$ cat coords_36.txt   # compact mmCIF, C-alpha atoms and all ligand atoms
# COMPACT_ATOMS: atom_id res chain seq x y z
CA MET V 1251 13.45 -15.63 24.36
CA LYS V 1252 11.03 -18.58 24.48
CA THR V 1253 8.73 -19.14 21.52
CA ILE V 1254 5.27 -20.62 21.75
CA GLN V 1255 4.18 -23.43 19.47
CA GLY V 1256 0.84 -22.83 17.77
CA ALA V 1257 -1.39 -25.34 16.01
CA PRO V 1258 -0.35 -26.86 12.63
CA GLY V 1259 -3.45 -25.31 11.12
CA ALA V 1260 -6.70 -23.56 11.92
CA LYS V 1261 -10.28 -24.26 10.92
CA ILE V 1262 -13.73 -22.76 11.17
CA LEU V 1263 -15.73 -24.67 13.78
CA ALA V 1264 -19.13 -23.05 13.24
CA PHE V 1265 -21.01 -20.03 11.88
CA GLY V 1266 -23.79 -17.82 13.20
CA HIS V 1267 -25.72 -14.84 11.90
CA TYR V 1268 -28.34 -12.33 12.88
CA GLN V 1269 -30.52 -9.86 11.00
CA PRO V 1270 -32.84 -7.28 12.50
CA SER V 1271 -36.49 -8.22 12.09
CA LYS V 1272 -37.54 -4.99 10.35
CA VAL V 1273 -37.83 -5.56 6.57
CA VAL V 1274 -37.61 -2.53 4.27
CA THR V 1275 -38.73 -3.24 0.70
CA ASN V 1276 -38.00 -1.28 -2.46
CA ALA V 1277 -41.63 -0.19 -2.42
CA ASP V 1278 -41.16 1.23 1.10
CA LEU V 1279 -38.21 3.32 -0.14
CA SER V 1280 -40.08 4.43 -3.27
CA ALA V 1281 -42.72 5.91 -0.99
CA THR V 1282 -40.22 8.31 0.63
CA MET V 1283 -37.73 9.11 -2.17
CA ASP V 1284 -37.45 9.33 -5.95
CA THR V 1285 -36.54 5.71 -6.68
CA ASN V 1286 -38.28 2.56 -7.84
CA ASP V 1287 -38.13 -1.22 -7.64
CA GLU V 1288 -37.07 -1.59 -11.29
CA TRP V 1289 -34.01 0.69 -10.89
CA ILE V 1290 -32.89 -0.92 -7.65
CA GLN V 1291 -33.28 -4.51 -8.86
CA SER V 1292 -31.69 -3.93 -12.26
CA ARG V 1293 -28.75 -1.76 -11.05
CA VAL V 1294 -27.98 -3.35 -7.68
CA GLY V 1295 -30.03 -6.55 -7.38
CA ILE V 1296 -31.67 -5.79 -4.04
CA ARG V 1297 -35.34 -6.64 -3.40
CA GLU V 1298 -35.43 -5.95 0.33
CA ARG V 1299 -33.08 -5.31 3.25
CA ARG V 1300 -33.12 -5.41 7.06
CA ILE V 1301 -32.78 -2.27 9.14
CA ALA V 1302 -32.17 -2.20 12.90
CA THR V 1303 -34.50 -0.26 15.17
CA ALA V 1304 -33.28 2.78 17.11
CA GLY V 1305 -32.78 0.67 20.23
CA GLU V 1306 -30.82 -2.07 18.46
CA SER V 1307 -27.09 -1.30 18.18
CA GLU V 1308 -24.29 -2.82 16.12
CA ILE V 1309 -23.11 -4.38 19.42
CA ASP V 1310 -26.53 -6.05 19.90
CA LEU V 1311 -26.35 -7.51 16.37
CA ALA V 1312 -22.81 -8.81 17.02
CA VAL V 1313 -23.81 -10.41 20.33
CA GLN V 1314 -26.66 -12.26 18.62
CA ALA V 1315 -24.52 -13.56 15.74
CA GLY V 1316 -21.52 -14.33 17.94
CA GLY V 1317 -23.67 -16.14 20.50
CA LYS V 1318 -25.15 -18.37 17.81
CA ALA V 1319 -21.72 -19.23 16.37
CA LEU V 1320 -20.40 -20.01 19.84
CA ALA V 1321 -23.38 -22.26 20.66
CA ALA V 1322 -23.03 -24.09 17.32
CA SER V 1323 -19.29 -24.63 17.84
CA GLY V 1324 -19.82 -26.77 20.93
CA LEU V 1325 -17.30 -24.64 22.82
CA SER V 1326 -18.14 -22.63 25.92
CA ALA V 1327 -17.39 -18.97 26.53
CA GLY V 1328 -14.38 -19.94 28.64
CA ASP V 1329 -12.74 -21.63 25.64
CA ILE V 1330 -12.50 -18.37 23.65
CA ASP V 1331 -9.35 -16.36 24.26
CA LEU V 1332 -9.55 -13.81 21.43
CA VAL V 1333 -12.48 -11.83 20.02
CA ILE V 1334 -12.09 -9.85 16.78
CA VAL V 1335 -14.89 -7.63 15.51
CA ALA V 1336 -14.84 -6.25 11.97
CA THR V 1337 -16.96 -3.12 11.70
CA CYS V 1338 -16.88 0.37 10.21
CA THR V 1339 -20.14 1.73 11.60
CA LEU V 1340 -19.69 1.96 15.37
CA GLU V 1341 -21.80 4.74 16.79
CA ALA V 1342 -18.81 5.94 18.85
CA GLN V 1343 -15.08 5.38 18.37
CA ILE V 1344 -14.28 4.52 22.00
CA PRO V 1345 -14.61 1.93 23.48
CA ASN V 1346 -14.13 -0.70 20.81
CA ALA V 1347 -16.81 -3.28 20.01
CA ALA V 1348 -14.89 -6.50 20.70
CA ALA V 1349 -14.45 -6.06 24.47
CA ARG V 1350 -18.12 -5.17 24.95
CA VAL V 1351 -19.34 -8.05 22.79
CA ALA V 1352 -17.08 -10.48 24.69
CA THR V 1353 -18.42 -9.34 28.07
CA ARG V 1354 -22.03 -9.65 26.88
CA LEU V 1355 -21.27 -13.23 25.78
CA GLY V 1356 -19.65 -14.13 29.11
CA ILE V 1357 -16.18 -14.46 27.57
CA GLU V 1358 -13.85 -13.39 30.35
CA ALA V 1359 -10.78 -11.23 29.68
CA PRO V 1360 -10.05 -12.31 26.07
CA GLY V 1361 -7.81 -10.36 23.74
CA ALA V 1362 -10.35 -8.07 22.08
CA PHE V 1363 -9.86 -5.76 19.13
CA ASP V 1364 -11.72 -4.31 16.17
CA VAL V 1365 -10.69 -4.24 12.53
CA ASN V 1366 -11.85 -1.46 10.25
CA THR V 1367 -11.28 -2.23 6.61
CA ALA V 1368 -14.96 -1.64 5.84
CA CYS V 1369 -16.49 -4.26 3.54
CA SER V 1370 -13.35 -6.42 3.44
CA GLY V 1371 -13.19 -6.45 7.27
CA PHE V 1372 -14.38 -10.00 7.90
CA CYS V 1373 -11.72 -11.51 5.61
CA TYR V 1374 -9.00 -9.44 7.32
CA ALA V 1375 -10.29 -10.53 10.74
CA LEU V 1376 -10.46 -14.19 9.69
CA ALA V 1377 -6.87 -14.02 8.42
CA LEU V 1378 -5.74 -12.60 11.77
CA ALA V 1379 -7.62 -15.35 13.64
CA ASN V 1380 -5.97 -18.00 11.45
CA ASP V 1381 -2.53 -16.47 12.10
CA ALA V 1382 -3.18 -16.18 15.85
CA VAL V 1383 -4.14 -19.86 16.19
CA ARG V 1384 -1.16 -20.99 14.13
CA ALA V 1385 1.27 -18.70 15.94
CA GLY V 1386 0.04 -19.80 19.37
CA SER V 1387 -1.22 -16.37 20.43
CA ALA V 1388 -4.77 -17.76 20.76
CA VAL V 1389 -6.40 -21.18 20.88
CA ASN V 1390 -10.00 -20.37 19.89
CA VAL V 1391 -11.10 -17.11 18.30
CA LEU V 1392 -14.54 -15.59 17.83
CA VAL V 1393 -14.62 -13.52 14.64
CA ILE V 1394 -17.61 -11.28 13.98
CA GLY V 1395 -18.60 -8.87 11.20
CA THR V 1396 -21.29 -6.44 12.37
CA GLU V 1397 -22.71 -3.27 10.87
CA LYS V 1398 -25.43 -0.78 11.57
CA LEU V 1399 -24.98 1.17 8.36
CA SER V 1400 -28.42 2.70 8.74
CA GLN V 1401 -27.06 5.12 11.35
CA TRP V 1402 -24.51 6.53 8.87
CA ILE V 1403 -26.90 6.84 5.92
CA ASP V 1404 -28.64 9.99 4.75
CA TRP V 1405 -32.17 8.66 4.32
CA THR V 1406 -32.89 11.38 1.74
CA ASP V 1407 -29.94 10.32 -0.48
CA ARG V 1408 -31.28 7.71 -2.91
CA SER V 1409 -27.79 6.80 -4.15
CA THR V 1410 -26.89 5.21 -0.79
CA ALA V 1411 -30.19 4.66 1.04
CA VAL V 1412 -31.34 1.92 -1.35
CA ILE V 1413 -28.06 -0.03 -1.04
CA PHE V 1414 -26.89 -0.31 2.55
CA ALA V 1415 -28.39 -2.36 5.39
CA ASP V 1416 -27.77 -3.82 8.84
CA GLY V 1417 -26.76 -7.29 10.03
CA ALA V 1418 -24.07 -9.47 11.58
CA GLY V 1419 -22.32 -12.76 10.90
CA ALA V 1420 -19.76 -14.72 12.91
CA ALA V 1421 -17.41 -17.69 12.87
CA VAL V 1422 -15.54 -19.56 15.59
CA VAL V 1423 -11.97 -20.45 14.60
CA GLY V 1424 -9.97 -23.12 16.40
CA PRO V 1425 -6.90 -25.37 16.01
CA SER V 1426 -6.64 -28.09 13.37
CA ASP V 1427 -4.11 -30.79 12.46
CA THR V 1428 -4.13 -29.57 8.85
CA PRO V 1429 -4.80 -26.06 7.45
CA ARG V 1430 -8.49 -25.62 6.68
CA ILE V 1431 -8.28 -21.86 6.22
CA GLY V 1432 -6.12 -20.93 3.23
CA PRO V 1433 -3.53 -18.17 2.96
CA VAL V 1434 -4.94 -14.67 2.74
CA VAL V 1435 -4.37 -12.41 -0.23
CA TRP V 1436 -4.89 -8.84 0.85
CA GLY V 1437 -4.14 -5.38 -0.49
CA SER V 1438 -5.34 -1.83 -0.89
CA ALA V 1439 -5.68 1.10 -3.29
CA GLY V 1440 -5.35 4.18 -1.09
CA ASP V 1441 -5.24 6.42 -4.16
CA LYS V 1442 -9.01 5.79 -4.32
CA ALA V 1443 -9.61 6.58 -0.64
CA ASP V 1444 -12.10 9.31 -1.55
CA ALA V 1445 -14.35 6.87 -3.43
CA ILE V 1446 -16.19 5.69 -0.28
CA MET V 1447 -16.06 7.82 2.84
CA ILE V 1448 -17.68 9.36 5.87
CA LYS V 1449 -15.88 12.71 5.69
CA ASP V 1450 -16.18 13.75 9.31
CA ARG V 1451 -18.25 13.07 12.41
CA GLY V 1452 -21.10 15.22 11.14
CA SER V 1453 -21.30 13.52 7.73
CA PHE V 1454 -23.07 10.55 6.18
CA LEU V 1455 -21.56 7.81 4.06
CA ARG V 1456 -21.02 8.83 0.42
CA GLN V 1457 -19.60 6.82 -2.45
CA GLU V 1458 -18.54 7.43 -6.03
CA GLY V 1459 -20.44 4.36 -7.18
CA GLN V 1460 -19.03 4.17 -10.68
CA THR V 1461 -15.38 4.48 -9.54
CA VAL V 1462 -15.88 1.58 -7.16
CA PHE V 1463 -17.89 -0.41 -9.71
CA ARG V 1464 -15.13 -0.09 -12.34
CA TRP V 1465 -12.44 -1.08 -9.85
CA ALA V 1466 -14.44 -4.03 -8.50
CA THR V 1467 -15.19 -5.42 -11.96
CA THR V 1468 -11.64 -5.06 -13.30
CA ALA V 1469 -9.16 -5.43 -10.41
CA LEU V 1470 -10.71 -8.21 -8.33
CA HIS V 1471 -11.06 -11.31 -10.48
CA PRO V 1472 -7.25 -11.65 -10.66
CA VAL V 1473 -7.22 -11.43 -6.85
CA ALA V 1474 -9.86 -14.17 -6.67
CA LYS V 1475 -7.70 -16.39 -8.90
CA GLU V 1476 -4.58 -15.64 -6.85
CA ILE V 1477 -6.38 -16.64 -3.64
CA CYS V 1478 -7.24 -20.02 -5.20
CA GLU V 1479 -3.68 -20.46 -6.47
CA ARG V 1480 -2.16 -19.74 -3.07
CA ALA V 1481 -4.53 -22.25 -1.47
CA GLY V 1482 -3.71 -24.85 -4.14
CA VAL V 1483 -7.37 -25.05 -5.14
CA ASP V 1484 -8.68 -25.18 -8.71
CA PRO V 1485 -11.62 -22.73 -9.01
CA ALA V 1486 -13.49 -25.55 -10.79
CA ASP V 1487 -13.42 -27.50 -7.50
CA LEU V 1488 -14.94 -24.74 -5.37
CA ALA V 1489 -18.24 -25.64 -3.69
CA ALA V 1490 -19.16 -21.96 -3.32
CA PHE V 1491 -18.04 -18.40 -3.97
CA VAL V 1492 -19.01 -15.83 -1.35
CA PRO V 1493 -17.87 -12.35 -2.38
CA HIS V 1494 -18.81 -9.17 -0.54
CA GLN V 1495 -22.48 -8.49 -1.30
CA ALA V 1496 -22.04 -5.03 -2.86
CA ASN V 1497 -23.96 -5.32 -6.09
CA LEU V 1498 -25.37 -8.36 -7.92
CA ARG V 1499 -23.79 -7.15 -11.18
CA ILE V 1500 -20.33 -7.06 -9.53
CA ILE V 1501 -20.84 -10.52 -7.98
CA GLU V 1502 -21.84 -12.01 -11.34
CA ALA V 1503 -19.02 -10.26 -13.25
CA ILE V 1504 -16.33 -11.62 -10.91
CA ALA V 1505 -17.94 -15.09 -10.81
CA ARG V 1506 -18.04 -15.29 -14.63
CA ARG V 1507 -14.31 -14.61 -14.91
CA LEU V 1508 -13.35 -16.98 -12.11
CA GLY V 1509 -14.41 -20.21 -13.85
CA ALA V 1510 -15.91 -21.68 -10.69
CA ASP V 1511 -18.41 -23.67 -12.69
CA LYS V 1512 -19.66 -25.96 -9.91
CA ALA V 1513 -19.74 -23.28 -7.22
CA VAL V 1514 -22.90 -21.94 -5.63
CA ILE V 1515 -22.62 -18.15 -5.96
CA ALA V 1516 -23.80 -16.19 -2.91
CA LYS V 1517 -26.55 -13.76 -3.89
CA ASP V 1518 -27.57 -12.83 -0.39
CA ILE V 1519 -27.70 -9.18 -1.41
CA VAL V 1520 -31.15 -9.78 -2.94
CA LEU V 1521 -32.77 -10.13 0.47
CA ALA V 1522 -30.11 -8.68 2.79
CA GLY V 1523 -28.76 -5.58 1.00
CA ASN V 1524 -25.14 -4.48 1.39
CA THR V 1525 -24.12 -5.02 5.01
CA SER V 1526 -20.41 -4.19 4.57
CA ALA V 1527 -18.21 -6.27 6.95
CA ALA V 1528 -21.20 -8.43 7.88
CA SER V 1529 -22.09 -9.41 4.33
CA ILE V 1530 -19.68 -12.35 3.84
CA PRO V 1531 -20.25 -14.18 7.16
CA LEU V 1532 -23.98 -13.45 6.91
CA ALA V 1533 -24.22 -14.85 3.38
CA LEU V 1534 -22.03 -17.86 4.22
CA SER V 1535 -23.85 -18.70 7.44
CA ARG V 1536 -27.22 -18.50 5.67
CA MET V 1537 -25.90 -20.64 2.81
CA VAL V 1538 -24.75 -23.33 5.27
CA GLU V 1539 -28.07 -23.13 7.13
CA ARG V 1540 -29.97 -23.71 3.86
CA GLY V 1541 -27.79 -26.76 3.18
CA GLU V 1542 -26.40 -25.33 -0.09
CA VAL V 1543 -22.82 -26.28 0.85
CA GLN V 1544 -21.81 -29.45 2.60
CA SER V 1545 -19.21 -30.19 5.26
CA GLY V 1546 -15.75 -30.35 3.67
CA GLY V 1547 -16.77 -28.07 0.77
CA LEU V 1548 -14.24 -25.41 -0.21
CA VAL V 1549 -15.51 -21.85 -0.34
CA LEU V 1550 -13.77 -18.79 -1.77
CA LEU V 1551 -14.33 -15.60 0.26
CA LEU V 1552 -13.54 -12.20 -1.30
CA GLY V 1553 -14.06 -8.94 0.58
CA PHE V 1554 -13.62 -5.48 -0.97
CA GLY V 1555 -14.63 -1.95 -0.14
CA ALA V 1556 -13.70 1.40 1.37
CA GLY V 1557 -10.04 2.22 1.69
CA LEU V 1558 -10.08 0.92 -0.93
CA THR V 1559 -9.17 -2.46 0.57
CA TYR V 1560 -9.58 -6.09 -0.37
CA ALA V 1561 -8.86 -9.50 1.18
CA GLY V 1562 -9.88 -13.09 0.70
CA GLN V 1563 -9.10 -16.73 1.40
CA VAL V 1564 -10.42 -20.22 0.72
CA VAL V 1565 -12.07 -21.88 3.73
CA GLU V 1566 -13.38 -25.38 4.37
CA ILE V 1567 -16.97 -25.76 5.59
CA PRO V 1568 -17.03 -27.44 9.04
O1 LIG O 1 -19.78 -1.97 -0.39
C1 LIG O 1 -18.76 -1.11 -0.71
C2 LIG O 1 -18.34 -1.26 -2.13
N1 LIG O 1 -19.28 -0.56 -2.96
C3 LIG O 1 -19.55 -0.95 -4.18
O2 LIG O 1 -19.02 -1.94 -4.64
C4 LIG O 1 -20.48 -0.10 -5.00
C5 LIG O 1 -20.12 -0.16 -6.46
N2 LIG O 1 -20.99 0.66 -7.28
C6 LIG O 1 -22.25 0.27 -7.58
O3 LIG O 1 -22.69 -0.80 -7.18
C7 LIG O 1 -23.07 1.15 -8.51
O4 LIG O 1 -22.25 2.16 -9.03
C8 LIG O 1 -24.29 1.81 -7.79
C9 LIG O 1 -25.32 0.74 -7.48
C10 LIG O 1 -23.84 2.51 -6.52
C11 LIG O 1 -24.95 2.83 -8.72
O5 LIG O 1 -25.30 2.22 -9.96
P1 LIG O 1 -24.89 2.90 -11.34
O6 LIG O 1 -25.39 2.00 -12.39
O7 LIG O 1 -23.40 3.14 -11.29
O8 LIG O 1 -25.71 4.22 -11.33
P2 LIG O 1 -25.21 5.75 -11.38
O9 LIG O 1 -24.67 6.16 -10.05
O10 LIG O 1 -24.35 5.94 -12.56
O11 LIG O 1 -26.58 6.49 -11.63
C12 LIG O 1 -27.30 6.34 -12.87
C13 LIG O 1 -28.55 7.18 -12.80
C14 LIG O 1 -28.32 8.62 -12.38
O12 LIG O 1 -29.25 9.43 -13.07
P3 LIG O 1 -28.80 10.24 -14.38
O13 LIG O 1 -27.70 11.15 -13.95
O14 LIG O 1 -28.35 9.19 -15.37
O15 LIG O 1 -30.05 10.92 -14.77
C15 LIG O 1 -28.66 8.64 -10.93
O16 LIG O 1 -29.08 9.90 -10.47
O17 LIG O 1 -29.44 6.63 -11.82
C16 LIG O 1 -29.81 7.66 -10.89
N3 LIG O 1 -30.00 7.04 -9.58
C17 LIG O 1 -31.15 6.49 -9.18
N4 LIG O 1 -32.36 6.38 -9.80
C18 LIG O 1 -33.35 5.75 -9.14
C19 LIG O 1 -29.08 6.90 -8.58
N5 LIG O 1 -29.65 6.27 -7.55
C20 LIG O 1 -30.92 6.00 -7.90
C21 LIG O 1 -32.00 5.37 -7.26
N6 LIG O 1 -33.18 5.26 -7.91
N7 LIG O 1 -31.88 4.84 -6.01
$ encode --input "coords_36.txt" --output "structure tokens"
Amino acid sequence: MKTIQGAPGAKILAFGHYQPSKVVTNADLSATMDTNDEWIQSRVGIRERRIATAGESEIDLAVQAGGKALAASGLSAGDIDLVIVATCTLEAQIPNAAARVATRLGIEAPGAFDVNTACSGFCYALALANDAVRAGSAVNVLVIGTEKLSQWIDWTDRSTAVIFADGAGAAVVGPSDTPRIGPVVWGSAGDKADAIMIKDRGSFLRQEGQTVFRWATTALHPVAKEICERAGVDPADLAAFVPHQANLRIIEAIARRLGADKAVIAKDIVLAGNTSAASIPLALSRMVERGEVQSGGLVLLLGFGAGLTYAGQVVEIP
């Protein structure tokens, strides 16, 4: 059997993101359910979020974000040979998102698959892209996290309606002479599968918030440290920390224990809400756009969520 030689390493070439234009504030939600700005800001950290319109699908969001990343990468559609979409909120199970997104972007006949590990999905997808480039099964990969959570939310349930939102973020991954995407650390806790779920096709998303909160604030900072160790990076040298944007209190608790003293901490949740698999690429792309991290800066990504699942890696800013 012949083997194929991949690249010595892989790197992120560019980012892109997209948010629906419709802004929903805490005051808007307080007008329709028994909640208030003070509770939402103090318990979760969200001030406002973006919600897609009825005619705007999770595929539309992915096409926008993916198209921007592709344009920023300097590559053309013909250079992409694999498209991976991380999502857990497709309106229908079949067909997958990746093939449709690729066709809409003019990418012809790429490998195309979806990853569903909910809020950790982008980090899983990025790890697969890194492996594919290094193994020689792809040259350039478009990785997208996209979610339309609003279509799986019960808009009368204040425990979820104030938290979740819509959006998409993307990265183009290509070959590199040296590794610029670190080794992934990934894992799961299936014993807590019931903590976040959509029970069946007639149900909305429900979560046992406190179970997930406890797990996220106790089990994940060791994972964050292990990711840095495996990449050979001292947390003190990180330019930024971009965890899944689940809850500002969780983000700050993990960041405190990490010792990443110089790092910019992503707090995108304040204006974007919790967009599950989209939250990390969305936050990172916006951070780069604002100039908060410079080219060559090392950023720790840490995804976690339903499953329960987690994954993360250190990446270098292009
Ligand atoms: O992205 C996937 C991963 N998910 C997560 O990481 C989520 C982790 N969990 C959390 O972030 C938090 O648990 C939540 C933000 C979901 C909830 O915050 P909490 O501090 O754990 O609140 P709670 O669920 O314990 O509720 C406290 C109180 C309850 O009232 P009582 O029983 O004390 O009278 C709730 O009914 O707050 C009430 N409450 C609300 N009040 C006003 C729940 N939702 C609301 C609301 N507005 N929207």
$ closest_atom_pairs --input "coords_36.txt" --of "region 1380-1434 of chain V" --to "region 1493-1504 of chain V" --cutoff "12 Å" --atoms "all atoms listed in the file" --output "JSON lines"
{"residue": "V:Gly1395", "atom": "CA", "partner": "V:His1494", "partner_atom": "CA", "distance": 11.7}
{"residue": "V:Thr1410", "atom": "CA", "partner": "V:Ala1496", "partner_atom": "CA", "distance": 11.5}
{"residue": "V:Val1412", "atom": "CA", "partner": "V:Asn1497", "partner_atom": "CA", "distance": 11.4}
{"residue": "V:Ile1413", "atom": "CA", "partner": "V:Ala1496", "partner_atom": "CA", "distance": 8.0}
{"residue": "V:Phe1414", "atom": "CA", "partner": "V:Ala1496", "partner_atom": "CA", "distance": 8.7}
{"residue": "V:Ala1415", "atom": "CA", "partner": "V:Ala1496", "partner_atom": "CA", "distance": 10.7}
$ write_last_selection --input "coords_36.txt" --atoms "C-alpha atoms" --output "CSV table (one decimal), in the coordinates of the input"
chain,number,residue,atom,x,y,z
V,1395,GLY,CA,-18.6,-8.9,11.2
V,1410,THR,CA,-26.9,5.2,-0.8
V,1412,VAL,CA,-31.3,1.9,-1.4
V,1413,ILE,CA,-28.1,0.0,-1.0
V,1414,PHE,CA,-26.9,-0.3,2.6
V,1415,ALA,CA,-28.4,-2.4,5.4
$ closest_atom_pairs --input "coords_36.txt" --of "chain V" --to "ligand LIG 1 (chain O)" --cutoff "8 Å" --atoms "all atoms listed in the file" --output "tab-separated table"
residue	atom	partner	partner_atom	distance
V:Asp1284	CA	O:LIG1	N6	6.2
V:Thr1285	CA	O:LIG1	N6	3.6
V:Asn1286	CA	O:LIG1	N6	5.8
V:Trp1289	CA	O:LIG1	C18	5.4
V:Ile1290	CA	O:LIG1	N7	6.1
V:Arg1293	CA	O:LIG1	O6	5.2
V:Val1294	CA	O:LIG1	C9	4.9
V:Ala1368	CA	O:LIG1	C1	7.6
V:Cys1369	CA	O:LIG1	O1	5.6
V:Arg1408	CA	O:LIG1	N7	4.3
V:Ser1409	CA	O:LIG1	N5	3.9
V:Thr1410	CA	O:LIG1	C10	7.0
V:Ala1411	CA	O:LIG1	N7	7.3
V:Val1412	CA	O:LIG1	N7	5.5
V:Ile1413	CA	O:LIG1	C9	7.0
V:Phe1414	CA	O:LIG1	O1	7.9
V:Ile1446	CA	O:LIG1	C1	7.3
V:Gln1457	CA	O:LIG1	C10	7.3
V:Glu1458	CA	O:LIG1	O4	7.1
V:Gly1459	CA	O:LIG1	O4	3.4
V:Gln1460	CA	O:LIG1	O4	4.1
V:Thr1461	CA	O:LIG1	N2	7.2
V:Val1462	CA	O:LIG1	C5	4.6
V:Phe1463	CA	O:LIG1	C5	3.9
V:Arg1464	CA	O:LIG1	C5	7.7
V:Ala1466	CA	O:LIG1	O2	6.3
V:His1494	CA	O:LIG1	O1	7.3
V:Gln1495	CA	O:LIG1	O1	7.1
V:Ala1496	CA	O:LIG1	O1	4.5
V:Asn1497	CA	O:LIG1	O3	4.8
V:Arg1499	CA	O:LIG1	O3	7.6
V:Ile1500	CA	O:LIG1	O3	7.1
V:Asn1524	CA	O:LIG1	O1	6.2
V:Thr1525	CA	O:LIG1	O1	7.6
V:Ser1526	CA	O:LIG1	O1	5.5
V:Phe1554	CA	O:LIG1	C2	6.4
V:Gly1555	CA	O:LIG1	C1	4.3
V:Ala1556	CA	O:LIG1	C1	6.0
$ atom_distance --input "coords_36.txt" --atom1 "CA of Leu1558 (chain V)" --atom2 "CA of Pro1485 (chain V)"
25.0 Å
$ closest_residue --input "coords_36.txt" --among "V:Val1538, V:Leu1320, V:Ala1505, V:Ala1469" --to "Val1422 (chain V)" --atoms "only C-alpha atoms"
V:Leu1320
$ closest_atom_pairs --input "coords_36.txt" --of "region 1328-1443 of chain V" --to "region 1264-1282 of chain V" --cutoff "10 Å" --atoms "all atoms listed in the file" --output "Markdown table"
| residue | atom | partner | partner_atom | distance |
| --- | --- | --- | --- | --- |
| V:Leu1392 | CA | V:Phe1265 | CA | 9.8 |
| V:Val1393 | CA | V:Phe1265 | CA | 9.5 |
| V:Ile1394 | CA | V:Gly1266 | CA | 9.0 |
| V:Gly1395 | CA | V:His1267 | CA | 9.3 |
| V:Thr1396 | CA | V:Tyr1268 | CA | 9.2 |
| V:Lys1398 | CA | V:Pro1270 | CA | 9.9 |
| V:Trp1405 | CA | V:Thr1282 | CA | 8.9 |
| V:Thr1406 | CA | V:Thr1282 | CA | 8.0 |
| V:Arg1408 | CA | V:Leu1279 | CA | 8.7 |
| V:Ala1411 | CA | V:Leu1279 | CA | 8.2 |
| V:Val1412 | CA | V:Leu1279 | CA | 7.1 |
| V:Ala1415 | CA | V:Val1274 | CA | 9.3 |
| V:Asp1416 | CA | V:Gln1269 | CA | 7.0 |
| V:Gly1417 | CA | V:Gln1269 | CA | 4.7 |
| V:Ala1418 | CA | V:Tyr1268 | CA | 5.3 |
| V:Gly1419 | CA | V:His1267 | CA | 4.1 |
| V:Ala1420 | CA | V:Gly1266 | CA | 5.1 |
| V:Ala1421 | CA | V:Phe1265 | CA | 4.4 |
| V:Val1422 | CA | V:Ala1264 | CA | 5.5 |
| V:Val1423 | CA | V:Ala1264 | CA | 7.7 |
| V:Gly1424 | CA | V:Ala1264 | CA | 9.7 |
$ atom_distance --input "coords_36.txt" --atom1 "CA of Ser1370 (chain V)" --atom2 "CA of Leu1263 (chain V)"
21.1 Å
$ residues_around --input "coords_36.txt" --residues "Gly1256 (chain V)" --least-positions-apart "2" --cutoff "12 Å" --atoms "only C-alpha atoms" --output "list in words"
Thr1253, Ile1254, Pro1258, Gly1259, Ala1260, Asn1380, Asp1381, Ala1382, Val1383, Arg1384, Ala1385, Gly1386, Ser1387, Ala1388, Val1389, Asn1390, Gly1424, Pro1425, Ser1426 and Asp1427 of chain V
$ closest_residue --input "coords_36.txt" --among "V:Ala1315, V:Val1391, V:Val1483, V:Val1520" --to "Val1565 (chain V)" --atoms "all atoms listed in the file"
V:Val1483
$ atom_distance --input "coords_36.txt" --atom1 "CA of Leu1311 (chain V)" --atom2 "CA of Val1351 (chain V)"
9.5 Å
$ residues_around --input "coords_36.txt" --residues "region 1476-1482 of chain V" --least-positions-apart "3" --cutoff "9 Å" --atoms "all atoms listed in the file" --output "VMD selection string"
chain V and resid 1431 to 1435 1471 to 1473 1485 1550 to 1552 1561 to 1564
$ residues_near_point --input "coords_36.txt" --point "(-20.0, -29.0, 2.0)" --cutoff "8 Å" --atoms "only C-alpha atoms" --output "ChimeraX atom specification"
/V:1489,1542-1548,1566-1568
$ write_last_selection --input "coords_36.txt" --atoms "C-alpha atoms" --output "short mmCIF file (atom, residue, chain, number, x, y, z; two decimals), keeping the file's coordinate frame"
data_model
loop_
_atom_site.label_atom_id
_atom_site.label_comp_id
_atom_site.auth_asym_id
_atom_site.auth_seq_id
_atom_site.Cartn_x
_atom_site.Cartn_y
_atom_site.Cartn_z
CA ALA V 1489 -18.24 -25.64 -3.69
CA GLU V 1542 -26.40 -25.33 -0.09
CA VAL V 1543 -22.82 -26.28 0.85
CA GLN V 1544 -21.81 -29.45 2.60
CA SER V 1545 -19.21 -30.19 5.26
CA GLY V 1546 -15.75 -30.35 3.67
CA GLY V 1547 -16.77 -28.07 0.77
CA LEU V 1548 -14.24 -25.41 -0.21
CA GLU V 1566 -13.38 -25.38 4.37
CA ILE V 1567 -16.97 -25.76 5.59
CA PRO V 1568 -17.03 -27.44 9.04
#
$ closest_residue --input "coords_36.txt" --among "V:Ile1309, V:Ala1486, V:Asp1287, V:Cys1373" --to "Ala1348 (chain V)" --atoms "only C-alpha atoms"
V:Ile1309
